[in-house]
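The next block holds one structure in the form of structure tokens; read it before the comments.
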Amino acid sequence: MKTKLVTLLTAVLLLALLISACGTPAPPPPPEATTPPEATTPPEATTPPEPPPAGPTGSIVIVIGNDPATLDPQAKDDGNEHKINDNVYEHLLTRDPQTGEILAELAESWEQVDDTTWRFKLVEGIMFHNGEPLNAEAVVYSAERIIDPDFNSEQISFVASITGGEVVDEYTVDILTDGPDPTLPARMTWLKIVPPVYSSEDIDQFEQAPVGTGPYKFVEWVRGSHVTLEANVDYWGGAPDIGEVTFRPIEEAATRLAALQADEVDVVTDLIPEYLAQVEKSVSVHGLEFPWIRINTNIEPLNDVRVRQALNYAVDKEALAEALYSGYASVAEGQMLTPGHFGYNPSVVAYPYDPDMARDLLEEAGASGATLELIGESGRWLKDKELVEAVAAQLEAVGLDIDVNIVEWSDWLDLLFAGAEAAPDLQYSAHDNVLLDADRTLSGLFTTEGNQAAYGNPDVDQLVLDGRSETDVELREQMYHEAVETIREEAACIFLVNLDNIYGLNPNLEWTPRLDGRIFVKDMVLSD
């Protein structure tokens, strides 16, 4: 019993010692000497990649004067249609917006092969909005369509020398002329290229829903209300910045101003000078627009040069430039060309304002008290109706009875292109020669066969015809100078003024107007 007790106590004592040893850890060994780590340069911050462009965004509204007569880009000489279709269709060549230099567009290069042949190499792979290919066949079709006598295009003076085209290969095309034509490249900045299949299958549909190769695609036309285009995200030249553009016809100047002030529209064309102080942002540029009064020289008493000269002496052009346009216009120097146009005659001067001379000439011609009808329109050009009324008042002040008739836009167009036999006594119009060559102005307005002419002189006809094909630059210029001088001396029209282009803009819209007055939305940027 005693032995067992001793054994038990011994076991308990050993267990206590073991527990005590486990509860008190041994001190750690002294730390080993360590070398501090070398300093390291933190990794450079990396710039996250830029997100891909968001694509065209935003929308704008551009005011035009009237509803377009059609959206066929080759049919009418209608400035409202041009403003829209310049964004849907393209040309073989284009112009630098500020210098006017001719540049490549659908054609990447061009050359004159011989006296009557110009060759154009097309950019490959371009498609019309409906999927038709832009190729040599499309160019030939477009050229031959616009010159077809049955088509009867009002734009014929733009392409007067062209006789057709020939396919060289899929992307090479020849444009043919009826003689040497040094202005052919300029003509190619106007001729719009259209899709052959679509434009020939249903002309009524084509007139209402245009299809081109340009940076904007047609969406809808609600007549009398608006035309809407959307950005062509697949545009071969790179998608434009602005996603949607609506063209809205507003005839009255005050209504245009109110719409701009209310942020309902973003671009107002032909903003009248009196409103400049009332808009937050505006831009202007000396333009190519020449208001003029066409005279029907084939009827009495207007077939007497003395009467036509009297009409010119009766109009105070300087007063019109100042009173109506606040200086945003200049007197037309007896011609409808600027110094930038080839063929401008610097020696020709304006008829001075001389109402006494006007009365004397009318009396001498037996035309004192004659009644003349003056046709005008309203809303297409800057202060057009006001200009018509002011001219009428000045003509009445020298003893004439002027019957002013302001007609609808479509009726006005019909009268302008109805031919000399149907021309009214007097008709207001405005001429804008974006080809920058006298041939377009002289052939269309002042030759016997001109599509806007109501005047003819065989000598002028021959000078213009010869000048078109003359390759000697100095001789060609001399021909135009002579024609311009004769037209002025014979008072073939009432020469008025040369207008500046004035635009009211949304403050968030960045845009520089072009020398030629054309409106390309792809050149605009809309900020936030």
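Here, A, B, ... name the chains of the structure tokens in the order displayed, residue numbers run from 1 inside each chain, and ligands are numbered from 1 in the same displayed order.
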
Original post:
Within 9 Å of A:Pro185, counting only C-alpha atoms, which residues qualify if same-chain residues fewer than 3 places away don't, as a list in words?
Top reply: Leu92, Leu93, Ile102, Trp110, Trp118, Asp181, Pro182, Met188 and Thr189 of chain A

Export all heavy atoms of the chosen residues as a PDB file, in the first residue's frame?
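Generated file (result19.pdb):
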```pdb
ATOM      1  N   LEU A  92     -16.929  64.855-108.259  1.00  0.00           N
ATOM      2  CA  LEU A  92     -15.588  64.325-108.529  1.00  0.00           C
ATOM      3  C   LEU A  92     -14.528  65.195-107.864  1.00  0.00           C
ATOM      4  O   LEU A  92     -13.537  64.690-107.335  1.00  0.00           O
ATOM      5  CB  LEU A  92     -15.342  64.270-110.036  1.00  0.00           C
ATOM      6  CG  LEU A  92     -16.190  63.262-110.833  1.00  0.00           C
ATOM      7  CD1 LEU A  92     -15.747  63.255-112.292  1.00  0.00           C
ATOM      8  CD2 LEU A  92     -16.108  61.863-110.230  1.00  0.00           C
ATOM      9  N   LEU A  93     -14.748  66.509-107.884  1.00  0.00           N
ATOM     10  CA  LEU A  93     -13.791  67.449-107.307  1.00  0.00           C
ATOM     11  C   LEU A  93     -14.526  68.396-106.370  1.00  0.00           C
ATOM     12  O   LEU A  93     -15.754  68.510-106.406  1.00  0.00           O
ATOM     13  CB  LEU A  93     -13.084  68.242-108.412  1.00  0.00           C
ATOM     14  CG  LEU A  93     -12.381  67.410-109.501  1.00  0.00           C
ATOM     15  CD1 LEU A  93     -11.806  68.329-110.580  1.00  0.00           C
ATOM     16  CD2 LEU A  93     -11.303  66.525-108.913  1.00  0.00           C
ATOM     17  N   ILE A 102      -9.145  74.103-106.305  1.00  0.00           N
ATOM     18  CA  ILE A 102      -9.816  72.853-106.650  1.00  0.00           C
ATOM     19  C   ILE A 102      -9.047  71.677-106.068  1.00  0.00           C
ATOM     20  O   ILE A 102      -7.828  71.553-106.238  1.00  0.00           O
ATOM     21  CB  ILE A 102      -9.961  72.726-108.176  1.00  0.00           C
ATOM     22  CG1 ILE A 102     -10.901  73.818-108.697  1.00  0.00           C
ATOM     23  CG2 ILE A 102     -10.498  71.344-108.549  1.00  0.00           C
ATOM     24  CD1 ILE A 102     -11.066  73.828-110.193  1.00  0.00           C
ATOM     25  N   TRP A 110      -6.812  63.630-111.569  1.00  0.00           N
ATOM     26  CA  TRP A 110      -7.407  63.956-112.863  1.00  0.00           C
ATOM     27  C   TRP A 110      -6.357  64.554-113.771  1.00  0.00           C
ATOM     28  O   TRP A 110      -5.369  65.116-113.315  1.00  0.00           O
ATOM     29  CB  TRP A 110      -8.605  64.887-112.700  1.00  0.00           C
ATOM     30  CG  TRP A 110      -8.298  66.269-112.174  1.00  0.00           C
ATOM     31  CD1 TRP A 110      -8.155  67.419-112.904  1.00  0.00           C
ATOM     32  CD2 TRP A 110      -8.113  66.663-110.813  1.00  0.00           C
ATOM     33  NE1 TRP A 110      -7.896  68.497-112.093  1.00  0.00           N
ATOM     34  CE2 TRP A 110      -7.869  68.059-110.797  1.00  0.00           C
ATOM     35  CE3 TRP A 110      -8.139  65.974-109.591  1.00  0.00           C
ATOM     36  CZ2 TRP A 110      -7.637  68.775-109.619  1.00  0.00           C
ATOM     37  CZ3 TRP A 110      -7.908  66.683-108.412  1.00  0.00           C
ATOM     38  CH2 TRP A 110      -7.670  68.070-108.443  1.00  0.00           C
ATOM     39  N   TRP A 118     -11.083  64.758-120.541  1.00  0.00           N
ATOM     40  CA  TRP A 118     -10.495  64.831-119.199  1.00  0.00           C
ATOM     41  C   TRP A 118     -10.693  63.487-118.523  1.00  0.00           C
ATOM     42  O   TRP A 118     -11.809  62.941-118.507  1.00  0.00           O
ATOM     43  CB  TRP A 118     -11.162  65.934-118.372  1.00  0.00           C
ATOM     44  CG  TRP A 118     -10.819  67.319-118.815  1.00  0.00           C
ATOM     45  CD1 TRP A 118     -11.318  67.997-119.880  1.00  0.00           C
ATOM     46  CD2 TRP A 118      -9.885  68.205-118.189  1.00  0.00           C
ATOM     47  NE1 TRP A 118     -10.762  69.253-119.970  1.00  0.00           N
ATOM     48  CE2 TRP A 118      -9.881  69.410-118.933  1.00  0.00           C
ATOM     49  CE3 TRP A 118      -9.053  68.111-117.067  1.00  0.00           C
ATOM     50  CZ2 TRP A 118      -9.088  70.495-118.599  1.00  0.00           C
ATOM     51  CZ3 TRP A 118      -8.260  69.187-116.731  1.00  0.00           C
ATOM     52  CH2 TRP A 118      -8.270  70.362-117.491  1.00  0.00           C
ATOM     53  N   ASP A 181     -12.068  72.932-123.063  1.00  0.00           N
ATOM     54  CA  ASP A 181     -12.780  73.625-121.982  1.00  0.00           C
ATOM     55  C   ASP A 181     -11.873  73.713-120.759  1.00  0.00           C
ATOM     56  O   ASP A 181     -11.813  72.786-119.943  1.00  0.00           O
ATOM     57  CB  ASP A 181     -14.071  72.902-121.616  1.00  0.00           C
ATOM     58  CG  ASP A 181     -14.842  73.633-120.526  1.00  0.00           C
ATOM     59  OD1 ASP A 181     -14.431  74.745-120.147  1.00  0.00           O
ATOM     60  OD2 ASP A 181     -15.854  73.096-120.041  1.00  0.00           O
ATOM     61  N   PRO A 182     -11.160  74.817-120.594  1.00  0.00           N
ATOM     62  CA  PRO A 182     -10.262  74.956-119.450  1.00  0.00           C
ATOM     63  C   PRO A 182     -10.987  75.020-118.113  1.00  0.00           C
ATOM     64  O   PRO A 182     -10.350  74.869-117.068  1.00  0.00           O
ATOM     65  CB  PRO A 182      -9.527  76.268-119.741  1.00  0.00           C
ATOM     66  CG  PRO A 182     -10.391  77.014-120.694  1.00  0.00           C
ATOM     67  CD  PRO A 182     -11.117  75.987-121.493  1.00  0.00           C
ATOM     68  N   MET A 188     -16.698  70.181-112.476  1.00  0.00           N
ATOM     69  CA  MET A 188     -16.780  68.936-111.722  1.00  0.00           C
ATOM     70  C   MET A 188     -16.915  69.166-110.207  1.00  0.00           C
ATOM     71  O   MET A 188     -17.121  68.229-109.460  1.00  0.00           O
ATOM     72  CB  MET A 188     -15.557  68.052-112.002  1.00  0.00           C
ATOM     73  CG  MET A 188     -15.482  67.550-113.428  1.00  0.00           C
ATOM     74  SD  MET A 188     -16.895  66.505-113.921  1.00  0.00           S
ATOM     75  CE  MET A 188     -17.920  67.684-114.797  1.00  0.00           C
ATOM     76  N   THR A 189     -16.777  70.409-109.779  1.00  0.00           N
ATOM     77  CA  THR A 189     -17.063  70.722-108.372  1.00  0.00           C
ATOM     78  C   THR A 189     -18.556  70.942-108.162  1.00  0.00           C
ATOM     79  O   THR A 189     -18.995  71.136-107.030  1.00  0.00           O
ATOM     80  CB  THR A 189     -16.302  71.977-107.910  1.00  0.00           C
ATOM     81  OG1 THR A 189     -16.829  73.143-108.576  1.00  0.00           O
ATOM     82  CG2 THR A 189     -14.818  71.859-108.182  1.00  0.00           C
TER      83      THR A 189
END
```

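Contact shell of A:Pro56 at 7 Å (only C-alpha atoms; same-chain neighbours under 2 positions omitted): Ala54, Ala231, Ala239, Pro240, Asp241, Ile242 and Gly243 of chain A.
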
Filtering to N, CA and C atoms, could you give me those residues as a PDB file, in the first residue's frame?
```
ATOM      1  N   ALA A  54     -17.067  58.070 -79.884  1.00  0.00           N
ATOM      2  CA  ALA A  54     -18.468  57.745 -79.632  1.00  0.00           C
ATOM      3  C   ALA A  54     -19.298  57.797 -80.904  1.00  0.00           C
ATOM      4  N   ALA A 231     -26.364  61.245 -89.831  1.00  0.00           N
ATOM      5  CA  ALA A 231     -24.961  61.012 -90.164  1.00  0.00           C
ATOM      6  C   ALA A 231     -24.775  59.631 -90.781  1.00  0.00           C
ATOM      7  N   ALA A 239     -16.812  59.486 -90.444  1.00  0.00           N
ATOM      8  CA  ALA A 239     -18.128  59.939 -89.992  1.00  0.00           C
ATOM      9  C   ALA A 239     -18.070  61.386 -89.501  1.00  0.00           C
ATOM     10  N   PRO A 240     -19.082  62.189 -89.809  1.00  0.00           N
ATOM     11  CA  PRO A 240     -19.106  63.584 -89.339  1.00  0.00           C
ATOM     12  C   PRO A 240     -19.372  63.649 -87.839  1.00  0.00           C
ATOM     13  N   ASP A 241     -19.181  64.823 -87.248  1.00  0.00           N
ATOM     14  CA  ASP A 241     -19.349  64.984 -85.803  1.00  0.00           C
ATOM     15  C   ASP A 241     -20.809  65.050 -85.379  1.00  0.00           C
ATOM     16  N   ILE A 242     -21.636  65.690 -86.177  1.00  0.00           N
ATOM     17  CA  ILE A 242     -23.018  65.941 -85.781  1.00  0.00           C
ATOM     18  C   ILE A 242     -23.905  64.806 -86.286  1.00  0.00           C
ATOM     19  N   GLY A 243     -24.720  64.275 -85.391  1.00  0.00           N
ATOM     20  CA  GLY A 243     -25.481  63.069 -85.690  1.00  0.00           C
ATOM     21  C   GLY A 243     -26.699  63.280 -86.568  1.00  0.00           C
TER      22      GLY A 243
END
```

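Using only C-alpha atoms, the residues found no farther than 6 Å from A:Ala438, other than those of its own chain fewer than 2 positions away, are Phe342, Gly343, Arg440, Thr441 and Leu442 of chain A.
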
For the selection just defined, write its residues with N, CA, C and O atoms to a file, as an mmCIF file, in the first residue's frame.
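Output below, filename out_21.cif:
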```cif
data_model
loop_
_atom_site.group_PDB
_atom_site.id
_atom_site.type_symbol
_atom_site.label_atom_id
_atom_site.label_comp_id
_atom_site.auth_asym_id
_atom_site.auth_seq_id
_atom_site.Cartn_x
_atom_site.Cartn_y
_atom_site.Cartn_z
ATOM 1 N N PHE A 342 -12.793 84.611 -112.864
ATOM 2 C CA PHE A 342 -12.080 84.774 -114.125
ATOM 3 C C PHE A 342 -13.024 85.450 -115.108
ATOM 4 O O PHE A 342 -14.153 85.005 -115.323
ATOM 5 N N GLY A 343 -12.565 86.545 -115.716
ATOM 6 C CA GLY A 343 -13.381 87.279 -116.658
ATOM 7 C C GLY A 343 -13.921 88.583 -116.102
ATOM 8 O O GLY A 343 -14.515 89.377 -116.844
ATOM 9 N N ARG A 440 -20.135 80.650 -116.788
ATOM 10 C CA ARG A 440 -21.404 80.276 -116.140
ATOM 11 C C ARG A 440 -22.366 81.465 -116.095
ATOM 12 O O ARG A 440 -23.548 81.329 -116.424
ATOM 13 N N THR A 441 -21.891 82.641 -115.732
ATOM 14 C CA THR A 441 -22.739 83.828 -115.637
ATOM 15 C C THR A 441 -23.182 84.308 -117.011
ATOM 16 O O THR A 441 -24.368 84.551 -117.253
ATOM 17 N N LEU A 442 -22.240 84.445 -117.914
ATOM 18 C CA LEU A 442 -22.557 85.019 -119.227
ATOM 19 C C LEU A 442 -23.411 84.083 -120.067
ATOM 20 O O LEU A 442 -24.366 84.521 -120.718
#
```

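Closest to A:Leu191 among A:Ser59, A:Asn451, A:Thr213, A:Gln74 is A:Gln74, based on only C-alpha atoms.
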
**OP:** Please identify all polymer residues within 8 Å of stretch 291-297 of chain A, counting only C-alpha atoms, omitting same-chain residues fewer than 3 positions from it, and present them as a VMD selection string.
**Re:** chain A and resid 300 302 to 304 308 420 423 to 431 453 to 455 492 to 499

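Those residues that approach A:Val168 to within 10 Å, counting only C-alpha atoms, are Arg119, Phe120, Lys121, Ala136, Glu137, Gly165, Tyr171, Thr172, Val173 and Asp174 of chain A; same-chain residues fewer than 3 positions away are not listed.
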